[in-house]
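Engineer: I'm passing along target.cif; it holds mmCIF, C-alpha atoms and all ligand atoms.
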```cif
data_start
loop_
_atom_site.label_atom_id
_atom_site.label_comp_id
_atom_site.auth_asym_id
_atom_site.auth_seq_id
_atom_site.Cartn_x
_atom_site.Cartn_y
_atom_site.Cartn_z
CA MET A 1 0.00 0.00 0.00
CA THR A 2 1.53 3.29 -1.05
CA ASP A 3 1.48 6.13 1.44
CA ASN A 4 -1.24 8.67 0.97
CA ALA A 5 -3.22 6.53 -1.48
CA LEU A 6 -6.32 7.89 0.24
CA ALA A 7 -5.11 11.44 0.80
CA GLY A 8 -8.07 13.81 1.07
CA ALA A 9 -10.62 10.99 1.33
CA ARG A 10 -13.28 11.40 4.02
CA VAL A 11 -14.23 7.85 4.89
CA LEU A 12 -17.38 7.16 6.85
CA LEU A 13 -16.76 3.70 8.28
CA GLY A 14 -19.86 1.77 9.30
CA VAL A 15 -19.10 -1.05 11.69
CA GLY A 16 -21.62 -3.90 11.81
CA GLY A 17 -22.32 -6.29 14.66
CA GLY A 18 -20.21 -9.32 13.87
CA ILE A 19 -17.13 -10.82 15.46
CA ALA A 20 -15.03 -9.35 12.61
CA ALA A 21 -15.77 -5.91 14.12
CA TYR A 22 -12.47 -6.23 16.00
CA LYS A 23 -10.64 -6.07 12.64
CA ALA A 24 -12.35 -2.77 11.88
CA ALA A 25 -10.21 -1.20 14.61
CA ASP A 26 -7.05 -2.07 12.66
CA LEU A 27 -8.82 -0.87 9.50
CA VAL A 28 -9.33 2.61 10.99
CA ARG A 29 -5.62 2.89 11.75
CA ARG A 30 -4.66 1.74 8.24
CA LEU A 31 -7.15 4.09 6.56
CA ARG A 32 -5.62 6.98 8.48
CA ASP A 33 -2.09 5.81 7.60
CA ALA A 34 -3.14 5.96 3.95
CA GLY A 35 -4.14 9.61 4.41
CA ALA A 36 -7.90 9.34 4.92
CA GLU A 37 -9.90 11.16 7.54
CA VAL A 38 -12.17 8.62 9.23
CA ARG A 39 -15.41 8.91 11.17
CA VAL A 40 -16.98 5.82 12.63
CA VAL A 41 -20.63 4.85 12.94
CA MET A 42 -21.47 1.63 14.75
CA THR A 43 -24.66 -0.40 14.79
CA ALA A 44 -26.08 -1.15 18.22
CA ASN A 45 -24.88 -4.74 17.95
CA ALA A 46 -21.36 -3.71 16.93
CA THR A 47 -20.97 -2.01 20.31
CA ARG A 48 -21.45 -5.44 21.92
CA PHE A 49 -18.29 -6.67 20.21
CA VAL A 50 -15.97 -3.65 20.43
CA SER A 51 -16.35 -0.52 22.50
CA ALA A 52 -16.98 2.84 20.88
CA LEU A 53 -14.03 4.15 22.86
CA THR A 54 -11.65 2.01 20.80
CA PHE A 55 -12.86 3.59 17.58
CA GLN A 56 -12.93 7.06 19.08
CA ALA A 57 -9.29 6.74 20.12
CA LEU A 58 -8.23 5.38 16.73
CA SER A 59 -10.24 7.79 14.55
CA GLY A 60 -9.76 10.87 16.71
CA HIS A 61 -13.49 11.61 16.54
CA ALA A 62 -16.52 10.80 18.63
CA VAL A 63 -18.27 7.65 17.47
CA ARG A 64 -21.96 7.70 16.54
CA ASP A 65 -24.27 4.75 17.11
CA SER A 66 -27.76 6.21 17.27
CA LEU A 67 -30.10 8.41 15.29
CA TRP A 68 -31.43 9.73 18.58
CA ASP A 69 -28.29 11.14 20.21
CA GLU A 70 -29.12 14.82 20.78
CA SER A 71 -25.62 15.94 21.72
CA ALA A 72 -24.08 14.22 18.69
CA GLU A 73 -26.76 15.65 16.39
CA ALA A 74 -25.97 19.11 17.74
CA ALA A 75 -22.30 18.67 16.78
CA MET A 76 -22.85 17.14 13.32
CA GLY A 77 -26.36 16.06 12.32
CA HIS A 78 -26.74 12.78 10.48
CA ILE A 79 -27.50 14.52 7.20
CA GLU A 80 -24.35 16.63 7.57
CA LEU A 81 -22.42 13.46 8.30
CA ALA A 82 -23.84 11.86 5.16
CA ARG A 83 -22.79 14.93 3.17
CA TRP A 84 -19.37 15.05 4.81
CA ALA A 85 -18.39 11.60 3.53
CA SER A 86 -16.57 11.24 0.23
CA GLN A 87 -16.77 7.47 0.65
CA VAL A 88 -18.86 5.16 2.79
CA LEU A 89 -17.38 1.79 3.75
CA VAL A 90 -19.38 -0.74 5.76
CA ALA A 91 -16.98 -3.24 7.34
CA PRO A 92 -17.90 -5.74 8.55
CA ALA A 93 -21.20 -5.79 6.64
CA THR A 94 -23.34 -8.41 8.36
CA VAL A 95 -26.07 -10.37 6.62
CA ASP A 96 -28.62 -8.16 8.39
CA ILE A 97 -27.06 -4.88 7.24
CA ILE A 98 -26.86 -6.19 3.69
CA ALA A 99 -30.57 -7.10 3.82
CA ARG A 100 -31.51 -3.72 5.25
CA LEU A 101 -29.46 -1.82 2.66
CA ALA A 102 -30.99 -3.89 -0.15
CA GLN A 103 -34.46 -2.98 1.14
CA GLY A 104 -33.56 0.68 1.47
CA ARG A 105 -34.45 0.76 5.15
CA ALA A 106 -33.62 3.65 7.47
CA ASP A 107 -34.12 1.87 10.78
CA ASP A 108 -30.81 2.85 12.36
CA LEU A 109 -28.14 5.51 11.88
CA LEU A 110 -25.90 3.48 9.57
CA ALA A 111 -28.70 2.42 7.20
CA THR A 112 -30.02 6.00 7.17
CA LEU A 113 -26.60 7.40 6.30
CA CYS A 114 -26.22 4.92 3.44
CA LEU A 115 -29.50 6.24 1.99
CA ALA A 116 -28.79 9.91 2.69
CA THR A 117 -25.30 10.08 1.26
CA GLY A 118 -24.39 10.95 -2.31
CA ALA A 119 -20.98 9.34 -1.81
CA PRO A 120 -20.14 5.93 -3.23
CA VAL A 121 -20.89 3.06 -0.88
CA ALA A 122 -18.72 -0.03 -0.50
CA ILE A 123 -19.38 -3.00 1.73
CA ALA A 124 -17.08 -5.71 3.06
CA PRO A 125 -19.27 -8.66 4.00
CA ALA A 126 -18.36 -10.96 6.89
CA MET A 127 -20.54 -13.83 8.00
CA ASN A 128 -20.89 -17.55 8.41
CA GLN A 129 -20.33 -19.37 5.10
CA GLN A 130 -23.88 -20.82 5.01
CA MET A 131 -25.36 -17.36 5.50
CA TRP A 132 -23.11 -16.03 2.74
CA ALA A 133 -24.18 -18.76 0.32
CA HIS A 134 -27.90 -18.37 1.11
CA PRO A 135 -29.92 -17.30 -1.96
CA ALA A 136 -31.49 -14.47 0.08
CA THR A 137 -28.04 -13.00 0.80
CA GLN A 138 -26.88 -13.44 -2.77
CA ALA A 139 -30.07 -11.83 -4.12
CA ASN A 140 -29.58 -8.86 -1.77
CA LEU A 141 -25.98 -8.51 -2.93
CA ALA A 142 -27.06 -8.62 -6.57
CA THR A 143 -29.52 -5.79 -5.84
CA LEU A 144 -26.82 -3.71 -4.18
CA ARG A 145 -24.30 -4.33 -6.97
CA GLN A 146 -26.92 -3.34 -9.51
CA ARG A 147 -27.24 -0.02 -7.66
CA GLY A 148 -23.51 0.54 -7.86
CA VAL A 149 -22.51 -0.58 -4.37
CA ARG A 150 -19.05 -2.13 -4.44
CA VAL A 151 -18.59 -5.42 -2.66
CA PHE A 152 -15.12 -6.15 -1.27
CA GLY A 153 -14.49 -9.83 -0.52
CA PRO A 154 -15.28 -11.82 1.44
CA ASP A 155 -12.21 -13.99 1.79
CA SER A 156 -12.35 -17.74 2.30
CA GLY A 157 -10.82 -19.72 5.14
CA GLY A 158 -11.37 -20.69 8.74
CA GLN A 159 -14.21 -18.86 10.47
CA ALA A 160 -14.73 -17.75 14.06
CA CYS A 161 -17.69 -20.17 14.24
CA GLY A 162 -15.33 -23.07 13.51
CA GLU A 163 -16.53 -23.62 9.95
CA PHE A 164 -14.49 -23.22 6.81
CA GLY A 165 -15.52 -21.38 3.67
CA ALA A 166 -16.33 -18.00 2.11
CA GLY A 167 -17.37 -15.28 4.54
CA ARG A 168 -14.24 -13.96 6.23
CA LEU A 169 -13.83 -10.21 6.27
CA MET A 170 -11.24 -9.11 3.71
CA GLU A 171 -8.00 -8.26 5.51
CA PRO A 172 -7.74 -4.57 6.48
CA HIS A 173 -4.67 -3.88 4.29
CA SER A 174 -6.50 -5.38 1.27
CA LEU A 175 -9.60 -3.32 2.06
CA VAL A 176 -7.53 -0.14 2.06
CA ALA A 177 -5.97 -1.13 -1.27
CA ALA A 178 -9.39 -1.96 -2.75
CA LEU A 179 -10.77 1.38 -1.60
CA ALA A 180 -7.75 3.26 -2.97
CA ALA A 181 -8.25 1.58 -6.36
CA THR A 182 -11.79 2.98 -6.53
CA GLN A 183 -10.58 6.54 -5.85
CA ALA A 184 -8.40 6.72 -8.96
CA PRO A 185 -10.07 8.73 -11.72
CA GLY A 186 -11.68 6.38 -14.24
CA ASP A 187 -10.10 5.97 -17.67
CA LEU A 188 -13.30 7.24 -19.31
CA ALA A 189 -13.44 10.49 -17.31
CA GLY A 190 -14.39 13.32 -19.67
CA TRP A 191 -16.08 11.00 -22.19
CA SER A 192 -19.75 11.24 -23.16
CA VAL A 193 -21.03 7.77 -23.91
CA LEU A 194 -24.42 7.11 -25.46
CA VAL A 195 -25.81 3.58 -25.25
CA SER A 196 -29.02 2.16 -26.69
CA ALA A 197 -30.37 -1.06 -25.25
CA GLY A 198 -33.28 -3.45 -25.26
CA PRO A 199 -35.88 -4.27 -27.88
CA THR A 200 -38.27 -1.94 -29.64
CA TYR A 201 -42.02 -2.51 -29.59
CA GLU A 202 -43.81 -1.69 -32.81
CA ASP A 203 -47.49 -1.26 -32.10
CA ILE A 204 -50.12 -3.08 -34.13
CA ASP A 205 -53.13 -1.89 -32.15
CA PRO A 206 -53.66 -0.62 -28.57
CA VAL A 207 -52.85 -4.03 -27.06
CA ARG A 208 -50.53 -5.80 -29.52
CA PHE A 209 -47.07 -5.12 -30.76
CA ILE A 210 -44.16 -6.68 -32.64
CA GLY A 211 -41.17 -7.07 -30.33
CA ASN A 212 -38.13 -9.26 -29.96
CA ARG A 213 -36.26 -11.28 -27.34
CA SER A 214 -33.66 -8.68 -26.37
CA SER A 215 -33.45 -8.37 -22.56
CA GLY A 216 -31.37 -5.18 -22.63
CA ARG A 217 -28.78 -6.70 -20.27
CA MET A 218 -25.78 -6.26 -22.56
CA GLY A 219 -26.45 -2.57 -23.16
CA PHE A 220 -27.22 -1.95 -19.49
CA ALA A 221 -23.92 -3.65 -18.58
CA VAL A 222 -22.05 -1.39 -21.02
CA ALA A 223 -23.74 1.69 -19.55
CA ALA A 224 -22.98 0.59 -15.96
CA ALA A 225 -19.34 -0.18 -16.76
CA ALA A 226 -18.81 3.10 -18.62
CA ALA A 227 -20.32 5.12 -15.76
CA ALA A 228 -18.18 3.27 -13.20
CA ARG A 229 -15.13 4.18 -15.31
CA GLY A 230 -15.97 7.87 -15.13
CA ALA A 231 -17.91 8.49 -18.35
CA ASP A 232 -20.98 10.69 -18.57
CA VAL A 233 -23.49 8.09 -19.75
CA THR A 234 -26.91 8.39 -21.37
CA LEU A 235 -28.85 5.20 -21.87
CA VAL A 236 -31.71 5.12 -24.36
CA ALA A 237 -33.72 2.06 -23.34
CA GLY A 238 -36.49 0.20 -25.11
CA PRO A 239 -39.10 -1.60 -22.98
CA VAL A 240 -37.08 -3.68 -20.49
CA ALA A 241 -37.45 -4.75 -16.87
CA LEU A 242 -34.07 -3.60 -15.61
CA ALA A 243 -33.02 -1.09 -12.96
CA THR A 244 -31.10 1.98 -14.10
CA PRO A 245 -27.39 1.54 -13.33
CA ALA A 246 -25.86 3.95 -10.81
CA GLY A 247 -24.87 7.31 -12.25
CA VAL A 248 -26.55 6.73 -15.62
CA ARG A 249 -29.06 9.12 -17.26
CA ARG A 250 -31.89 7.08 -18.77
CA ILE A 251 -34.37 7.89 -21.52
CA ASP A 252 -37.15 5.34 -22.02
CA VAL A 253 -38.54 4.80 -25.51
CA ARG A 254 -40.87 2.28 -27.13
CA GLY A 255 -40.67 2.13 -30.92
CA ALA A 256 -37.74 2.40 -33.33
CA ARG A 257 -38.73 5.89 -34.47
CA GLN A 258 -38.75 7.16 -30.89
CA MET A 259 -35.34 5.57 -30.32
CA HIS A 260 -34.08 7.13 -33.56
CA GLU A 261 -35.20 10.58 -32.44
CA ALA A 262 -33.66 10.24 -28.97
CA VAL A 263 -30.32 8.89 -30.25
CA LEU A 264 -29.91 11.30 -33.17
CA GLY A 265 -30.77 14.18 -30.86
CA LEU A 266 -27.79 13.27 -28.67
CA ALA A 267 -25.33 12.53 -31.50
CA GLY A 268 -23.57 15.89 -31.30
CA ALA A 269 -23.04 15.60 -27.56
CA SER A 270 -21.58 12.07 -27.65
CA ASP A 271 -18.03 10.83 -28.13
CA VAL A 272 -19.04 7.20 -28.41
CA TYR A 273 -22.30 5.54 -29.39
CA VAL A 274 -22.77 1.89 -28.48
CA ALA A 275 -25.81 0.54 -30.34
CA ALA A 276 -26.72 -2.50 -28.28
CA ALA A 277 -30.46 -2.21 -28.93
CA ALA A 278 -32.23 -4.82 -31.01
CA VAL A 279 -34.13 -2.35 -33.17
CA GLY A 280 -37.14 -3.71 -35.02
CA ASP A 281 -36.43 -3.48 -38.74
CA PHE A 282 -40.12 -3.16 -39.62
CA ARG A 283 -43.28 -1.71 -38.12
CA PRO A 284 -46.94 -1.95 -39.12
CA ASP A 285 -47.63 0.85 -41.58
CA GLN A 286 -50.61 1.89 -39.47
CA VAL A 287 -51.46 1.45 -35.83
CA ALA A 288 -55.10 0.37 -35.60
CA PRO A 289 -56.93 2.81 -33.31
CA ARG A 290 -58.99 -0.05 -31.79
CA LYS A 291 -58.15 -3.65 -30.94
CA LEU A 292 -58.24 -5.77 -34.10
CA LYS A 293 -61.13 -8.23 -33.94
CA LYS A 294 -61.23 -11.78 -35.24
CA ALA A 295 -63.57 -11.84 -38.20
CA SER A 296 -65.70 -15.02 -38.12
CA ASP A 297 -65.13 -15.75 -41.80
CA ALA A 298 -61.39 -14.95 -42.01
CA THR A 299 -58.56 -17.36 -41.18
CA THR A 300 -55.74 -14.99 -42.03
CA LEU A 301 -54.82 -11.43 -41.14
CA GLU A 302 -52.54 -9.36 -43.26
CA LEU A 303 -50.27 -6.80 -41.71
CA ARG A 304 -48.43 -4.47 -44.00
CA LEU A 305 -45.01 -3.64 -42.61
CA VAL A 306 -42.81 -0.71 -43.52
CA GLN A 307 -39.13 -0.34 -42.83
CA ASN A 308 -37.87 1.53 -39.79
CA PRO A 309 -35.03 4.03 -40.06
CA ASP A 310 -31.60 2.52 -39.41
CA ILE A 311 -30.36 4.48 -36.40
CA LEU A 312 -26.77 3.38 -36.69
CA ALA A 313 -26.56 4.05 -40.43
CA ASP A 314 -28.00 7.53 -39.88
CA MET A 315 -25.44 8.17 -37.14
CA ALA A 316 -22.68 6.99 -39.49
CA ALA A 317 -23.77 9.53 -42.11
CA LEU A 318 -23.26 12.50 -39.78
CA THR A 319 -20.19 14.68 -40.05
CA GLY A 320 -18.26 14.79 -36.78
CA ARG A 321 -20.03 11.58 -35.79
CA PRO A 322 -19.19 9.76 -32.57
CA PHE A 323 -17.09 6.60 -32.46
CA LEU A 324 -19.66 4.01 -33.55
CA VAL A 325 -20.04 0.55 -32.08
CA GLY A 326 -22.65 -1.80 -33.49
CA PHE A 327 -23.84 -5.19 -32.33
CA ALA A 328 -24.47 -8.00 -34.74
CA ALA A 329 -26.66 -10.82 -33.53
CA GLU A 330 -26.39 -13.62 -36.04
CA THR A 331 -27.65 -17.16 -36.21
CA GLU A 332 -24.99 -18.35 -38.70
CA ARG A 333 -21.69 -17.34 -40.38
CA VAL A 334 -21.21 -14.81 -37.59
CA GLU A 335 -17.84 -13.39 -38.64
CA ALA A 336 -18.67 -12.96 -42.32
CA HIS A 337 -21.99 -11.23 -41.63
CA ALA A 338 -20.50 -9.03 -38.93
CA ARG A 339 -17.52 -7.98 -41.07
CA ASP A 340 -19.99 -7.10 -43.82
CA LYS A 341 -22.00 -5.00 -41.32
CA LEU A 342 -18.86 -3.19 -40.17
CA GLU A 343 -18.05 -2.16 -43.71
CA ARG A 344 -21.56 -1.54 -45.03
CA LYS A 345 -22.57 0.62 -42.07
CA ARG A 346 -19.08 2.22 -41.90
CA LEU A 347 -18.72 1.44 -38.20
CA ASP A 348 -15.62 1.70 -36.02
CA LEU A 349 -16.27 -1.54 -34.16
CA VAL A 350 -18.73 -4.42 -34.26
CA ALA A 351 -19.47 -6.80 -31.41
CA ALA A 352 -20.85 -9.98 -32.90
CA ASN A 353 -22.48 -12.91 -31.22
CA GLU A 354 -24.33 -16.01 -32.17
CA VAL A 355 -27.92 -16.02 -31.01
CA GLY A 356 -30.29 -18.89 -30.66
CA PRO A 357 -32.08 -20.76 -27.87
CA GLY A 358 -30.25 -20.01 -24.59
CA ARG A 359 -27.56 -17.99 -26.33
CA GLY A 360 -27.11 -14.26 -26.56
CA PHE A 361 -30.30 -12.33 -26.02
CA GLU A 362 -31.87 -13.75 -22.87
CA ALA A 363 -28.80 -15.37 -21.34
CA GLU A 364 -26.85 -13.98 -18.38
CA ASP A 365 -23.56 -14.60 -20.11
CA ASN A 366 -22.41 -14.43 -23.66
CA ALA A 367 -19.38 -14.65 -25.94
CA LEU A 368 -18.47 -11.82 -28.31
CA LEU A 369 -16.31 -11.46 -31.37
CA LEU A 370 -14.99 -7.91 -31.76
CA LEU A 371 -14.21 -6.79 -35.30
CA TRP A 372 -12.79 -3.48 -36.43
CA PRO A 373 -11.11 -2.33 -39.64
CA GLY A 374 -7.99 -4.46 -39.78
CA GLY A 375 -8.45 -6.36 -36.52
CA ARG A 376 -10.38 -8.89 -34.48
CA GLU A 377 -10.54 -10.19 -30.92
CA ALA A 378 -12.55 -13.15 -29.64
CA LEU A 379 -13.90 -12.61 -26.13
CA PRO A 380 -14.67 -16.00 -24.57
CA ARG A 381 -17.93 -16.74 -22.77
CA ALA A 382 -18.24 -14.56 -19.69
CA GLY A 383 -20.73 -12.49 -17.72
CA LYS A 384 -22.13 -9.49 -19.58
CA ARG A 385 -20.45 -7.00 -17.23
CA GLU A 386 -17.06 -8.61 -17.86
CA LEU A 387 -17.66 -8.50 -21.62
CA ALA A 388 -18.72 -4.86 -21.32
CA GLU A 389 -15.41 -4.03 -19.60
CA ALA A 390 -13.43 -5.80 -22.34
CA LEU A 391 -15.45 -3.99 -25.03
CA LEU A 392 -14.69 -0.63 -23.36
CA ASP A 393 -10.99 -1.57 -23.14
CA ARG A 394 -10.97 -2.10 -26.91
CA ILE A 395 -12.83 1.18 -27.55
CA VAL A 396 -10.26 3.04 -25.41
CA GLN A 397 -7.43 1.44 -27.36
CA LEU A 398 -8.94 2.15 -30.79
CA ARG A 399 -9.79 5.78 -29.97
CA GLN A 400 -6.31 6.25 -28.55
CA GLY A 401 -4.84 4.84 -31.78
CA ARG A 402 -6.88 7.33 -33.78
CA GLN A 403 -5.68 10.25 -31.68
CA ASP A 404 -2.09 9.07 -32.09
CA GLY A 405 -2.66 8.97 -35.84
CA ASN A 406 -2.35 5.18 -36.09
CA PRO A 407 -4.93 3.31 -38.08
CA ALA A 408 -5.00 0.88 -35.06
O1 LIG B 501 -28.27 -4.71 -39.58
P1 LIG B 501 -28.54 -5.15 -38.19
O2 LIG B 501 -29.92 -4.79 -37.73
O3 LIG B 501 -28.23 -6.58 -37.90
O4 LIG B 501 -27.50 -4.28 -37.32
C1 LIG B 501 -27.48 -4.38 -35.97
C2 LIG B 501 -26.92 -3.11 -35.41
O5 LIG B 501 -27.57 -2.00 -36.01
C3 LIG B 501 -27.18 -2.99 -33.92
O6 LIG B 501 -26.09 -2.28 -33.35
C4 LIG B 501 -28.47 -2.19 -33.88
O7 LIG B 501 -28.59 -1.47 -32.66
C5 LIG B 501 -28.35 -1.29 -35.07
N1 LIG B 501 -29.62 -0.96 -35.72
C6 LIG B 501 -30.06 0.34 -35.72
N2 LIG B 501 -31.25 0.66 -36.34
C7 LIG B 501 -31.97 -0.28 -36.96
C8 LIG B 501 -31.53 -1.62 -36.98
C9 LIG B 501 -30.34 -1.92 -36.35
O8 LIG B 501 -29.38 1.21 -35.17
N3 LIG B 501 -33.12 0.05 -37.55
#
```
Could you write out this file's structure as structure tokens?
Structural biologist:
Amino acid sequence: MTDNALAGARVLLGVGGGIAAYKAADLVRRLRDAGAEVRVVMTANATRFVSALTFQALSGHAVRDSLWDESAEAAMGHIELARWASQVLVAPATVDIIARLAQGRADDLLATLCLATGAPVAIAPAMNQQMWAHPATQANLATLRQRGVRVFGPDSGGQACGEFGAGRLMEPHSLVAALAATQAPGDLAGWSVLVSAGPTYEDIDPVRFIGNRSSGRMGFAVAAAAAARGADVTLVAGPVALATPAGVRRIDVRGARQMHEAVLGLAGASDVYVAAAAVGDFRPDQVAPRKLKKASDATTLELRLVQNPDILADMAALTGRPFLVGFAAETERVEAHARDKLERKRLDLVAANEVGPGRGFEAEDNALLLLWPGGREALPRAGKRELAEALLDRIVQLRQGRQDGNPA
């Protein structure tokens, strides 16, 4: 750990009520050694494991453990404390704190501060390995991650309860290093990234539409990763059931023409456009004003479809256009079709994948083939967030190459 890796950081350390609370004392000392100012908030149960006096002596500040402490509120109210923090770290984060944070509860000072702060929140879970593995805990963690909460650890090994497995608090020196890594400015700081995601719904009548199987997960993962790396991110989303990633501006649309209008309207303000939406190529030429009825004598219904605008092609035609990334979902001859798309649509990068039952659209993970003029990279099957990071790495490298005057 380099000295002063946390210089200027104002760390609000929330200590939960688990046996690992004793390690939080060492953590305070190490955070201060790394240059951070530290204020400690304990849950009521944490005070059963370690005394507030220990943390007061180590942090150099009075310790708070209640929402209802009048003298403490007079010195620095809980909202002021929430504003004061540049970083919140909950260590150890017990299974109960994780559940309360996932629910957005404000039933004690620590949970309230986590809701009231605008600062990034990180948690370092520590618990029995069975509790860690429980689907309820894992679902709560997934919710928190989705909201941008960072999860440090836990480590695996022997536990205070005598069991062995995942659930040990990450060691204090590793926690300080992990926190320091999040303070570095992201490599996309200063970039404006526009992402489109999800399907489009093309209305037939007031109750029916033509849609597709896109879940939106890939585009949402790209938006989340870009925001976490410091970009200013706008996400134009078709109809999907996904939470907005932390720090992302979201515009909801329904049909391809609405998506076209939203995206083209933001073209001039964007450095990069990642077109991860599965845009419907056709729409009914008219939307019936009333629900279409089954006629007793007809066994067929004819719908006349007209072509939608190609958003990506229209972006490509602009002068001073952003760096353009298209997705190519193919059922066969993936590389040939994707290379053709790259050239025909004059894109800077194409991310191609094979779609079919259980692959691509609705799956949690995926495999991508990245193609750009003069290059390719196969990204093996991985989670969509991991693929999003690798895609952004390639975009950074290609844009850098352009600025350096290399064809890349
Ligand atoms: O030609 P194809 O539809 O397979 O190209 C897929 C890529 O083009 C995706 O990045 C998709 O978001 C984009 N696209 C678009 N507008 C359309 C159709 C596709 O921007 N009307």
Engineer: List all protein, DNA and RNA residues that have at least one atom no more than 6 Å from any atom of ligand LIG 501 (chain B), counting all atoms listed in the file, and write them as JSON, numbers by chain.
Structural biologist: {"A": [275, 276, 277, 278, 279, 281, 308, 309, 310, 311, 312, 326, 327, 328]}
Engineer: Please, what distance in Å, to one decimal, runs between CA of Arg10 in chain A and CA of Ala227 in chain A?
Structural biologist: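 Those two atoms sit 21.9 Å apart.
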Engineer: Determine, counting all atoms listed in the file, which protein, DNA and RNA residues have an atom within 12 Å of an atom of Lys293 in chain A; residues of the same chain fewer than 5 positions away are not included. Present the result as number ranges by chain.
Structural biologist: A: 205-208, 288, 298-301
Engineer: Nearest to Ile19 in chain A among A:Ser196, A:Asn45, A:Gln286, A:Ser214, with distances taken over all atoms listed in the file: which residue is it?
Structural biologist: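 Answer, going by the shortest atom-to-atom distance: A:Asn45.
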Engineer: Using Å and a single decimal, report how far CA of Gly238 in chain A sits from CA of Thr319 in chain A.
Structural biologist: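 Straight-line distance from CA of Thr319 in chain A to CA of Gly238 in chain A works out to 26.4 Å.
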Engineer: I'd like the interatomic distance between CA of Ala189 in chain A and CA of Val396 in chain A, to a tenth of an Å.
Structural biologist: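 Between these atoms lies a distance of 11.5 Å.
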Engineer: For a cutoff of 10 Å around the file-coordinate point (-23.5, -15.2, 3.4), which residues qualify once you count all atoms listed in the file? I'd like the result as a VMD selection string.
Structural biologist: chain A and resid 94 to 95 98 125 to 138 141 154 166 to 168
Engineer: Take the residues just selected and output them with C-alpha atoms as a CSV table (one decimal), in the frame of the given file.
Structural biologist:
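Once written, again-v3.csv looks like this:
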```csv
chain,number,residue,atom,x,y,z
A,94,THR,CA,-23.3,-8.4,8.4
A,95,VAL,CA,-26.1,-10.4,6.6
A,98,ILE,CA,-26.9,-6.2,3.7
A,125,PRO,CA,-19.3,-8.7,4.0
A,126,ALA,CA,-18.4,-11.0,6.9
A,127,MET,CA,-20.5,-13.8,8.0
A,128,ASN,CA,-20.9,-17.6,8.4
A,129,GLN,CA,-20.3,-19.4,5.1
A,130,GLN,CA,-23.9,-20.8,5.0
A,131,MET,CA,-25.4,-17.4,5.5
A,132,TRP,CA,-23.1,-16.0,2.7
A,133,ALA,CA,-24.2,-18.8,0.3
A,134,HIS,CA,-27.9,-18.4,1.1
A,135,PRO,CA,-29.9,-17.3,-2.0
A,136,ALA,CA,-31.5,-14.5,0.1
A,137,THR,CA,-28.0,-13.0,0.8
A,138,GLN,CA,-26.9,-13.4,-2.8
A,141,LEU,CA,-26.0,-8.5,-2.9
A,154,PRO,CA,-15.3,-11.8,1.4
A,166,ALA,CA,-16.3,-18.0,2.1
A,167,GLY,CA,-17.4,-15.3,4.5
A,168,ARG,CA,-14.2,-14.0,6.2
```
Engineer: Using all atoms listed in the file, which residue out of A:Ala313, A:Ala269, A:Ala246, A:Ala9 lies closest to Ala221 in chain A?
Structural biologist: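 Nearest to Ala221 in chain A: A:Ala246.
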